[in-house]
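Just work-v4.csv here, CSV, C-alpha atoms and all ligand atoms:
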chain,number,residue,atom,x,y,z
A,1,MET,CA,-11.5,1.2,11.5
A,2,THR,CA,-10.8,3.0,14.8
A,3,ARG,CA,-7.5,2.9,16.7
A,4,SER,CA,-9.1,0.6,19.2
A,5,ASP,CA,-9.9,-1.9,16.5
A,6,ARG,CA,-6.2,-2.2,15.7
A,7,THR,CA,-5.5,-4.6,18.5
A,8,SER,CA,-8.6,-6.6,17.8
A,9,ASP,CA,-8.9,-10.4,17.3
A,10,THR,CA,-5.8,-12.1,16.0
A,11,SER,CA,-6.9,-15.6,17.0
A,12,HIS,CA,-7.2,-16.7,13.4
A,13,ALA,CA,-4.0,-15.1,12.3
A,14,PRO,CA,-1.4,-17.5,11.0
A,15,SER,CA,2.0,-17.2,12.6
A,16,SER,CA,4.2,-18.4,9.7
A,17,PRO,CA,6.6,-15.9,8.1
A,18,LEU,CA,5.6,-13.4,5.5
A,19,ARG,CA,7.0,-13.5,1.9
A,20,PHE,CA,7.2,-10.4,-0.2
A,21,ARG,CA,7.5,-10.4,-4.0
A,22,SER,CA,6.6,-8.5,-7.1
A,23,ALA,CA,3.3,-9.4,-8.8
A,24,VAL,CA,2.8,-11.8,-11.6
A,25,PRO,CA,-0.2,-12.2,-13.9
A,26,THR,CA,-1.7,-15.0,-11.8
A,27,ASP,CA,-2.0,-12.5,-8.9
A,28,GLY,CA,-4.8,-10.6,-10.6
A,29,THR,CA,-7.6,-12.4,-8.9
A,30,ALA,CA,-6.0,-12.5,-5.5
A,31,LEU,CA,-5.5,-8.7,-5.7
A,32,TRP,CA,-9.1,-8.2,-6.6
A,33,ARG,CA,-10.1,-10.4,-3.6
A,34,LEU,CA,-7.8,-8.6,-1.2
A,35,VAL,CA,-9.2,-5.2,-2.2
A,36,GLN,CA,-12.7,-6.6,-1.8
A,37,ALA,CA,-11.8,-7.9,1.7
A,38,ALA,CA,-10.2,-4.6,2.6
A,39,GLY,CA,-13.7,-3.1,2.7
A,40,THR,CA,-12.9,0.6,2.5
A,41,LEU,CA,-11.2,0.7,-0.8
A,42,GLU,CA,-13.0,1.3,-4.1
A,43,LEU,CA,-13.2,-2.1,-5.8
A,44,ASN,CA,-12.4,-2.0,-9.5
A,45,SER,CA,-13.0,-4.7,-12.1
A,46,ALA,CA,-11.2,-8.0,-11.9
A,47,TYR,CA,-9.9,-7.2,-15.3
A,48,CYS,CA,-8.2,-4.0,-13.9
A,49,TYR,CA,-6.3,-6.0,-11.3
A,50,LEU,CA,-5.3,-8.5,-14.0
A,51,LEU,CA,-4.0,-5.7,-16.1
A,52,PHE,CA,-1.9,-4.3,-13.2
A,53,ALA,CA,-0.5,-7.7,-12.3
A,54,THR,CA,0.4,-8.3,-15.9
A,55,ASP,CA,1.6,-5.0,-17.3
A,56,PHE,CA,2.7,-3.3,-14.0
A,57,GLY,CA,3.7,-6.4,-12.0
A,58,SER,CA,7.2,-5.1,-11.4
A,59,THR,CA,5.8,-2.1,-9.6
A,60,CYS,CA,3.3,-4.1,-7.5
A,61,LEU,CA,4.1,-5.9,-4.3
A,62,VAL,CA,2.3,-9.0,-2.9
A,63,ALA,CA,2.7,-10.2,0.7
A,64,GLU,CA,1.9,-13.8,1.3
A,65,GLN,CA,1.5,-15.8,4.5
A,66,ASP,CA,0.6,-19.5,4.4
A,67,GLY,CA,0.0,-19.2,0.7
A,68,GLU,CA,-2.6,-16.5,1.2
A,69,THR,CA,-2.3,-13.0,-0.1
A,70,VAL,CA,-2.5,-10.9,3.0
A,71,GLY,CA,-1.4,-7.5,1.8
A,72,ALA,CA,-0.4,-5.7,-1.4
A,73,VAL,CA,0.7,-2.4,-2.9
A,74,ILE,CA,-0.5,-1.7,-6.4
A,75,GLY,CA,1.4,1.0,-8.1
A,76,TYR,CA,3.1,2.2,-11.3
A,77,HIS,CA,5.4,4.9,-12.6
A,78,PRO,CA,3.4,7.9,-14.1
A,79,PRO,CA,4.7,8.1,-17.7
A,80,GLN,CA,5.6,11.8,-17.5
A,81,GLN,CA,7.4,11.3,-14.1
A,82,PRO,CA,9.9,8.4,-14.4
A,83,GLN,CA,11.4,9.3,-11.0
A,84,THR,CA,8.1,8.9,-9.3
A,85,ALA,CA,6.5,5.7,-8.0
A,86,PHE,CA,2.7,6.1,-7.5
A,87,VAL,CA,0.7,4.0,-5.0
A,88,TRP,CA,-2.7,3.4,-6.5
A,89,GLN,CA,-4.0,1.1,-3.8
A,90,VAL,CA,-2.4,-0.4,-0.6
A,91,ALA,CA,-4.3,-2.9,1.5
A,92,VAL,CA,-3.7,-5.2,4.5
A,93,LEU,CA,-6.3,-7.9,5.5
A,94,PRO,CA,-8.4,-6.5,8.4
A,95,ARG,CA,-7.3,-9.1,10.8
A,96,LEU,CA,-3.6,-8.2,10.4
A,97,ARG,CA,-3.9,-4.4,10.6
A,98,GLY,CA,-2.2,-2.2,13.2
A,99,LYS,CA,0.8,-4.5,13.6
A,100,GLY,CA,3.2,-2.7,11.2
A,101,LEU,CA,2.5,-4.8,8.1
A,102,GLY,CA,1.3,-1.7,6.1
A,103,ALA,CA,4.6,0.1,6.9
A,104,GLN,CA,6.6,-3.1,6.0
A,105,LEU,CA,4.7,-3.3,2.7
A,106,LEU,CA,5.5,0.2,1.7
A,107,GLY,CA,9.2,-0.3,2.6
A,108,GLN,CA,9.4,-3.5,0.6
A,109,TRP,CA,7.5,-2.0,-2.3
A,110,ARG,CA,9.8,0.9,-2.4
A,111,ALA,CA,12.8,-1.5,-2.4
A,112,LEU,CA,11.5,-3.4,-5.5
A,113,PRO,CA,14.1,-3.3,-8.2
A,114,ALA,CA,11.7,-1.3,-10.4
A,115,ASN,CA,11.1,1.3,-7.7
A,116,ARG,CA,14.3,1.6,-5.7
A,117,ASP,CA,15.8,4.4,-7.9
A,118,CYS,CA,12.6,6.5,-7.7
A,119,ARG,CA,13.2,9.8,-5.8
A,120,TRP,CA,9.5,10.4,-5.1
A,121,VAL,CA,6.6,8.4,-3.8
A,122,THR,CA,3.1,9.7,-4.5
A,123,ALA,CA,-0.5,8.7,-3.6
A,124,THR,CA,-3.9,10.3,-3.4
A,125,VAL,CA,-5.4,9.9,0.0
A,126,ALA,CA,-8.8,11.2,1.1
A,127,GLU,CA,-8.5,13.4,4.2
A,128,GLY,CA,-10.9,11.1,6.1
A,129,ASN,CA,-8.7,8.0,5.6
A,130,LEU,CA,-6.8,8.3,8.8
A,131,ALA,CA,-5.0,5.0,8.6
A,132,SER,CA,-3.7,5.7,5.1
A,133,GLN,CA,-2.7,9.3,6.1
A,134,ALA,CA,-0.8,7.9,9.0
A,135,LEU,CA,0.8,5.1,6.9
A,136,PHE,CA,2.2,7.5,4.3
A,137,ARG,CA,3.4,10.1,6.9
A,138,ARG,CA,5.1,7.3,8.8
A,139,PHE,CA,6.8,6.2,5.5
A,140,ALA,CA,8.0,9.8,5.0
A,141,ALA,CA,9.3,10.1,8.6
A,142,THR,CA,11.1,6.8,8.3
A,143,HIS,CA,12.9,8.1,5.2
A,144,GLN,CA,13.4,11.5,6.7
A,145,ALA,CA,11.6,13.0,3.7
A,146,ALA,CA,9.0,15.7,3.4
A,147,CYS,CA,5.4,14.8,2.8
A,148,GLU,CA,3.5,17.5,0.9
A,149,ALA,CA,-0.2,17.5,0.3
A,150,THR,CA,-1.7,19.4,-2.7
A,151,PRO,CA,-5.1,19.4,-4.2
A,152,HIS,CA,-5.3,16.9,-7.1
A,153,PHE,CA,-8.5,15.0,-7.8
A,154,THR,CA,-11.0,17.4,-6.6
A,155,ALA,CA,-14.6,16.3,-5.9
A,156,ASP,CA,-15.9,17.9,-9.2
A,157,LEU,CA,-13.7,15.5,-11.3
A,158,PHE,CA,-15.7,12.5,-10.2
A,159,PRO,CA,-19.0,11.5,-11.8
A,160,GLY,CA,-20.9,11.1,-8.5
A,161,GLU,CA,-20.4,12.1,-4.9
A,162,HIS,CA,-16.8,11.4,-4.0
A,163,PRO,CA,-14.5,13.0,-1.4
A,164,PRO,CA,-11.5,14.9,-2.9
A,165,GLU,CA,-8.3,12.9,-3.2
A,166,PRO,CA,-5.4,15.3,-2.5
A,167,LEU,CA,-2.0,14.2,-3.7
A,168,LEU,CA,0.7,13.3,-1.1
A,169,ARG,CA,4.2,13.7,-2.5
A,170,ILE,CA,7.0,12.2,-0.4
A,171,GLY,CA,10.6,12.9,-1.1
A,172,PRO,CA,13.3,13.4,-2.2
A,173,LEU,CA,14.3,9.9,-1.3
A,174,GLU,CA,17.7,8.3,-1.3
A,175,ARG,CA,18.2,5.3,-3.6
A,176,ALA,CA,16.9,2.2,-1.7
A,177,LEU,CA,20.0,0.3,-0.6
A,178,ALA,CA,19.1,-3.3,-1.6
A,179,PRO,CA,16.2,-5.2,-2.9
A,180,GLU,CA,14.3,-6.6,0.0
A,181,THR,CA,11.8,-8.6,-1.9
A,182,ASP,CA,11.5,-12.4,-2.4
A,183,ARG,CA,12.5,-12.4,1.2
A,184,VAL,CA,11.0,-14.0,4.2
A,185,ALA,CA,10.3,-11.3,6.8
A,186,THR,CA,9.2,-11.1,10.4
A,187,ALA,CA,6.0,-12.9,11.1
A,188,ILE,CA,2.9,-10.8,11.8
A,189,ALA,CA,0.6,-12.8,14.1
B,201,LIG,C1,-4.0,1.7,5.4
B,201,LIG,C2,-3.6,0.3,5.8
B,201,LIG,C3,-2.9,-0.4,4.6
B,201,LIG,C4,-2.6,0.4,7.0
B,201,LIG,O1,-2.1,-0.9,7.3
B,201,LIG,P1,-1.6,-1.4,8.7
B,201,LIG,O2,-0.9,-2.7,8.6
B,201,LIG,O3,-2.7,-1.3,9.7
B,201,LIG,O4,-0.6,-0.2,9.1
B,201,LIG,P2,0.6,-0.2,10.2
B,201,LIG,O5,0.2,-1.1,11.3
B,201,LIG,O6,1.9,-0.5,9.5
B,201,LIG,O7,0.6,1.3,10.7
B,201,LIG,C5,1.2,2.3,9.9
B,201,LIG,C6,1.0,3.7,10.5
B,201,LIG,O8,-0.4,4.0,10.5
B,201,LIG,C7,-1.0,4.2,11.8
B,201,LIG,N1,-2.3,3.6,11.7
B,201,LIG,C8,-2.7,2.4,11.3
B,201,LIG,N2,-4.0,2.2,11.4
B,201,LIG,C9,-4.5,3.4,11.9
B,201,LIG,C10,-5.8,3.9,12.2
B,201,LIG,N3,-6.9,3.1,12.0
B,201,LIG,N4,-6.0,5.2,12.6
B,201,LIG,C11,-4.9,6.0,12.7
B,201,LIG,N5,-3.6,5.6,12.5
B,201,LIG,C12,-3.4,4.3,12.1
B,201,LIG,C13,-0.1,3.4,12.7
B,201,LIG,O9,-0.1,3.9,14.0
B,201,LIG,C14,1.3,3.7,12.0
B,201,LIG,O10,1.7,5.0,12.3
B,201,LIG,P3,2.9,5.2,13.4
B,201,LIG,O11,4.0,4.3,13.1
B,201,LIG,O12,3.1,6.7,13.3
B,201,LIG,O13,2.2,4.8,14.8
B,201,LIG,C15,-4.8,-0.6,6.3
B,201,LIG,O14,-5.4,0.1,7.3
B,201,LIG,C16,-5.8,-0.9,5.2
B,201,LIG,O15,-5.6,-1.9,4.5
B,201,LIG,N6,-6.8,-0.1,5.1
B,201,LIG,C17,-7.9,-0.3,4.1
B,201,LIG,C18,-7.4,0.0,2.7
B,201,LIG,C19,-7.0,1.5,2.6
B,201,LIG,O16,-7.7,2.4,3.0
B,201,LIG,N7,-5.8,1.7,1.9
B,201,LIG,C20,-5.3,3.1,1.7
B,201,LIG,C21,-5.8,3.8,0.6
B,201,LIG,S1,-5.2,3.2,-1.0

Translate the structure described by the file into C-alpha cells.
Amino acid sequence: MTRSDRTSDTSHAPSSPLRFRSAVPTDGTALWRLVQAAGTLELNSAYCYLLFATDFGSTCLVAEQDGETVGAVIGYHPPQQPQTAFVWQVAVLPRLRGKGLGAQLLGQWRALPANRDCRWVTATVAEGNLASQALFRRFAATHQAACEATPHFTADLFPGEHPPEPLLRIGPLERALAPETDRVATAIA
C-alpha cells in the first residue's frame, strides 16, 4: 500500500466503537481470515492461528467493530526472554488503515495484563514493509524508547526466496500503567 492509499475509500467502514480484548480459542478462524484479508502477510495454517488463540491468547489482541475482527496483534513471550513480548503478526483490515488503528492496537496489546511488565518489544520486519517499519518506530517514539535493528532471520535461513527479516528491538519500556483492554475505544471510521 502506498501512502496515497491510506486515505482511500472508507464508505463501507462501520462507525461504531472499537473493542479491544485478549484472544480466546474461538478467535482462531477470525485471525486466519484477518491475515488472509491483510494481503501482504504470510498466511499460515488455520491450525496455527487456533494454536496461538488457544495457548497464547493472553499475549494476542483482537480488535472488534460491529462484531467483526478488524485488527489483531498475534504475539508471545520467547521462552528464553521472559521480559520480552514478541509480535509475530500485526494486521489491520485494508479499509481501516492509515487512521491510527495499527498504533492503537500495539498500545493496547502492550497494555494487556500478560504484556504490561515486559521491558522489550521485538518483531521481525522486512526492510521493504514500510508501513510496518513506520508502525514500530512510531511505537518506540511514543514510548520514548530506542528501536534497534539487527540481522536475525537472514535470507539463507528460509527454504525458498524470502527477504531477510531483521529484528527490531524496542526498549527499555516502563511498565504499562493500566490494562487498557476490554475497553471501548475511539471509533475509527
Ligand atoms: C502495518 C499495519 C498494521 C499498520 O496499520 P495502520 O492502521 O495503517 O497504521 P497507523 O495508521 O496506526 O500508522 C502507524 C504509523 O505507520 C505509518 N504508516 C502507516 N501506513 C504506512 C504506509 N503505507 N507507508 C508508510 N508509513 C505508513 C503512519 O504514518 C504512522 O506513523 P506516524 O505516526 O509516524 O505518521 C497495516 O498497514 C497492515 O495491516 N499491513 C498489512 C500487514 C503487515 O504488513 N503487518 C506487519 C508485519 S507483521

Quick one: residues within 10 Å of segment 159-172 of chain A, all atoms listed in the file counted, chain neighbours fewer than 3 positions away excluded, as a VMD selection string? chain A and resid 83 to 86 118 to 128 133 136 to 137 139 to 141 143 to 156 175

Spatial neighbours of Val90 of chain A, max dist 10 Å, only C-alpha atoms, sep filter under 2 positions, as an NGL selection string: :A and (34-35 or 38 or 41 or 60-61 or 71-75 or 87-88 or 92 or 102 or 105-106 or 123 or 132 or 135)

Write as JSON, numbers by chain the residues around ligand LIG 201 (chain B), taking 7 Å as the cut-off and counting only C-alpha atoms and all ligand atoms. {"A": [1, 2, 3, 6, 38, 39, 40, 41, 88, 89, 90, 91, 92, 93, 94, 96, 97, 98, 99, 100, 101, 102, 103, 104, 125, 129, 130, 131, 132, 134, 135, 138]}

Using the selection just defined, write its residues with C-alpha atoms as a CSV table (one decimal), keeping the file's coordinate frame.
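For reference, out20.csv as written:
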chain,number,residue,atom,x,y,z
A,1,MET,CA,-11.5,1.2,11.5
A,2,THR,CA,-10.8,3.0,14.8
A,3,ARG,CA,-7.5,2.9,16.7
A,6,ARG,CA,-6.2,-2.2,15.7
A,38,ALA,CA,-10.2,-4.6,2.6
A,39,GLY,CA,-13.7,-3.1,2.7
A,40,THR,CA,-12.9,0.6,2.5
A,41,LEU,CA,-11.2,0.7,-0.8
A,88,TRP,CA,-2.7,3.4,-6.5
A,89,GLN,CA,-4.0,1.1,-3.8
A,90,VAL,CA,-2.4,-0.4,-0.6
A,91,ALA,CA,-4.3,-2.9,1.5
A,92,VAL,CA,-3.7,-5.2,4.5
A,93,LEU,CA,-6.3,-7.9,5.5
A,94,PRO,CA,-8.4,-6.5,8.4
A,96,LEU,CA,-3.6,-8.2,10.4
A,97,ARG,CA,-3.9,-4.4,10.6
A,98,GLY,CA,-2.2,-2.2,13.2
A,99,LYS,CA,0.8,-4.5,13.6
A,100,GLY,CA,3.2,-2.7,11.2
A,101,LEU,CA,2.5,-4.8,8.1
A,102,GLY,CA,1.3,-1.7,6.1
A,103,ALA,CA,4.6,0.1,6.9
A,104,GLN,CA,6.6,-3.1,6.0
A,125,VAL,CA,-5.4,9.9,0.0
A,129,ASN,CA,-8.7,8.0,5.6
A,130,LEU,CA,-6.8,8.3,8.8
A,131,ALA,CA,-5.0,5.0,8.6
A,132,SER,CA,-3.7,5.7,5.1
A,134,ALA,CA,-0.8,7.9,9.0
A,135,LEU,CA,0.8,5.1,6.9
A,138,ARG,CA,5.1,7.3,8.8

Could you jot down the atom CA of Gly67 of chain A to atom CA of Ala111 of chain A separation for me, Å, one decimal place?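 One can read the atom CA of Gly67 of chain A to atom CA of Ala111 of chain A distance as 22.1 Å.
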
Give the padded box for segment 106-114 of chain A as lines of an AutoDock Vina configuration file: axis-aligned, covering all atoms listed in the file, 6 Å on each side, centre and edge lengths in Å to one decimal.
center_x = 9.8
center_y = -1.3
center_z = -3.9
size_x = 20.6
size_y = 16.4
size_z = 25.0

Point-to-point distance in Å for atom CA of Tyr49 of chain A and atom CA of Asp27 of chain A: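 Interatomic distance here is 8.2 Å.
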
Could you check how far atom CA of Phe52 of chain A sits from atom CA of Leu31 of chain A, in Å to one decimal?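 These two atoms are separated by 9.4 Å.
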
Nearest to Leu50 of chain A by atom-to-atom distance, counting all atoms listed in the file, from A:Pro17, A:Pro78, A:Gln36, A:Val24: A:Val24
